[in-house]
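Undergrad: First, the structure itself, so that you have it in front of you.
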Amino acid sequence: MERMKALVQYAPYDSRYEEVEKPTAGPGEIVLKVKGCGICAGDLKAYHGGIRIWGTCEEDRYIEAPVTGGHEFFGEVTQIGEGVDSCEIGDLLAVEQIVPCGECGFCREGKYWMCEGSAVYGFKQHAAGGFAEYVKVHKNSIIHKIPEAFTPEQAVLIEPLACGMHAVELAGIRHSDVVVIAGLGAIGTAMVNMAKLSLPAMVIGLDVKEHRLMLGKEYGADAAFNPAADNIDEEIRKMTKGKGCDVYIEASGSPASVKQGLRLLRNHGRYVQMGVFAEEVSADWNVIGDGKELTILGSHLSALTFPAVIEGIRTGLLKTDGLISHIFKLADWQQAFEAAEKDPLAMKVMLEP
Ligand SMILES: [Zn+2]
Ligand SMILES: [Zn+2]
């Protein structure tokens with residue numbers, strides 16, 4: 001049996017870079033030589049024992065440990081199982097993060113991203129992730145060919161940008177909208193770009209890190225503010241003639257950003273929740289109903305947006321410069337996780353086997 005290196009999560013704070021069995025492709029399956037894998041906020045939360053992932057007991061545990069992490073991967077096809085005709089050896093593939101069960105009501109309706117099985121690469125035994133030299137693509141997986149001209153950075157950004165695009169689509173942006181995007185990480189910054197492509201009245205970016213505000217403006221934000229330093233309530237009131245913003249896309253995963261959004265939105269505004277929180281959030285729900293009659297929308301994974309994102313990057317409509325801030329070798333995963341969490345200049349951090 002051939003072996004390979006992988007980063008396996010055993011328990012909170014117990015991830016091990018070790019030798020595991022190299023996968024082989026059974027019927028319907030594909031094996032990829034991993035070329036790169038992004039570190040998601042979810043991977044960091046998994047490392048720190050996030051309750052959504054590890055639960056409070058065996059019964060409500062999402063992760064099936066020990067399992068190789070990583071769902072933002074791309075790679076080169078090295079082995080094709082019986083019956084696969086969707087790709088050839090040598091193709092570069094992006095793989096959607098969810099492995100649909102194919103049988104639940106959502107899968108049958110084509111809404112596979114809401115699959116009740118909710119199996120995401122890097123968390124389930126049948127979906128070992130891309131923090132490894134090779135990854136086995138499940139037979140139910142949704143794959144997309146990556147154009148040859150893509151850089152590794154662009155290829156790794158396909159999954160996170162696809163998630164961002166889903167959130168932007170849910171916002172239903174119109175020409176007259178003032179759109180606020182809270183949290184200018186790689187996804188939030190890309191969402192500024194995507195929101196601008198809908199030609200709204202204005203896109204405003206918010207983040208507590210100054211370099212992200214600058215990048216946000218390079219990505220098309222008409223204004224960018226730091227909630228920790230600027231009086232954003234005042235600024236946004238000024239920019240909207242006292243009305244408030246029409247759309248608030250929450251992409252920071254910070255509880256304070258939720259209250260902020262409810263405050264900044266105008267009556268009948270639309271709130272889209274895209275970020276993931278490490279803790280429970282409390283807010284005054286009266287604002288939603290009795291106060292402003294808001295529409296609250298949830299955004300989960302990437303729906304059907306992979307092809308559009310690939311095309312957007314290919315044509316240059318979707319920019320990617322500066323969204324990957326660090327590249328580390330998989331063996332140096334500890335440094336990479338630390339950079340993703342603590343480096344003030346971190347955007348998306350990517351690992352290469
Ligand atoms: Zn992710
Ligand atoms: Zn399903």
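Every chain in the structure tokens has a letter given in the order shown (A, B, ...), and although residue numbers restart at 1 in each chain, ligands are simply numbered from 1 in the order shown.
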Within 10 Å of ligand 2, counting only C-alpha atoms and all ligand atoms: which residues, as a list in words?

TA: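 Result of the 10 Å neighbour search around ligand 2: Ile98, Val99, Pro100, Cys101, Gly102, Glu103, Cys104, Gly105, Phe106, Cys107, Arg108, Glu109, Gly110, Lys111, Tyr112, Trp113, Met114, Cys115, Glu116, Gly117, Ser118, Ala119 and Asn140 of chain A.
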
Undergrad: Which residues sit within 6 Å of ligand 1, counting only C-alpha atoms and all ligand atoms, listed as a list in words?

TA: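 Checked against 6 Å with only C-alpha atoms and all ligand atoms; the hits are Cys40, Glu72 and Pro160 of chain A.
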
Undergrad: Going by DSSP on the backbone, which residues of stretch 232-273 of chain A come out as alpha helix (DSSP H)? List them as a list in words.

TA: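 Checking each residue of stretch 232-273 of chain A, the alpha helix (DSSP H) ones are Ile232, Asp233, Glu234, Glu235, Ile236, Arg237, Lys238, Met239, Pro255, Ala256, Ser257, Val258, Lys259, Gln260, Gly261, Leu262, Arg263 and Leu264 of chain A.
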
Undergrad: Suppose we keep C-alpha atoms; can you now write the selection as a CSV table (one decimal), in the first residue's frame?

TA:
chain,number,residue,atom,x,y,z
A,232,ILE,CA,-19.6,54.5,10.8
A,233,ASP,CA,-23.2,55.1,11.9
A,234,GLU,CA,-22.6,58.8,11.2
A,235,GLU,CA,-20.7,58.2,8.0
A,236,ILE,CA,-23.3,55.9,6.5
A,237,ARG,CA,-26.1,58.2,7.6
A,238,LYS,CA,-24.3,61.0,5.8
A,239,MET,CA,-23.8,59.0,2.6
A,255,PRO,CA,-21.0,39.1,16.8
A,256,ALA,CA,-20.7,42.9,17.0
A,257,SER,CA,-21.1,43.1,13.3
A,258,VAL,CA,-24.6,41.6,13.5
A,259,LYS,CA,-25.9,44.4,15.8
A,260,GLN,CA,-24.0,46.9,13.6
A,261,GLY,CA,-25.9,45.6,10.5
A,262,LEU,CA,-29.3,45.8,12.1
A,263,ARG,CA,-28.4,49.4,13.1
A,264,LEU,CA,-27.1,50.5,9.8

Undergrad: Give me the residues near stretch 285-289 of chain A as a list in words, where near means some atom within 10 Å (using only C-alpha atoms) and where sequence neighbours in that chain fewer than 3 positions away do not count.

TA: Lys259, Leu262, Arg263, Leu265, Asn267, His268, Gly269, Tyr271, Ser282, Lys292, Glu293, Leu294, Thr295 and Ile296 of chain A

Undergrad: Just want the 10 Å neighbourhood of A:Ala346, counted on only C-alpha atoms, with same-chain residues fewer than 6 positions away dropped. Output as a list in words.

TA: Gly185, Ala186, Lys209, His211, Arg212, Gly322, Leu323, Ile324, Ser325, His326, Glu338, Ala339 and Ala340 of chain A

Undergrad: If you run DSSP on this backbone, which residues of stretch 149-204 of chain A come out as strand (DSSP E), and could you give them as a list in words?

TA: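 So, restricting stretch 149-204 of chain A to strand (DSSP E), we get Val178, Val179, Val180, Ile181, Ala182, Met202, Val203 and Ile204 of chain A.
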
Undergrad: Compile the contact shell of A:Val95 as a list of chain:residue names: residues with an atom at most 9 Å away, counting only C-alpha atoms, same-chain residues fewer than 2 positions apart removed.

TA: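 Counting only the stated atoms, we get A:His71, A:Glu72, A:Phe73, A:Phe74, A:Gly75, A:Leu93, A:Gln97, A:Ile98, A:Val137, A:Ser141, A:Ile142, A:Ile143, A:His144, A:Lys145, A:Glu159.
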
Undergrad: Atom CA of A:Ala308 and atom CA of A:Pro147, how far apart in Å?

TA: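 Those two atoms sit 12.9 Å apart.
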
Undergrad: Considering only C-alpha atoms, state which residue in the set A:Ala303, A:Tyr219, A:Leu44, A:Ala229 is at the smallest distance from A:Asp321.

TA: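 The answer is A:Tyr219, which sits nearest to A:Asp321.
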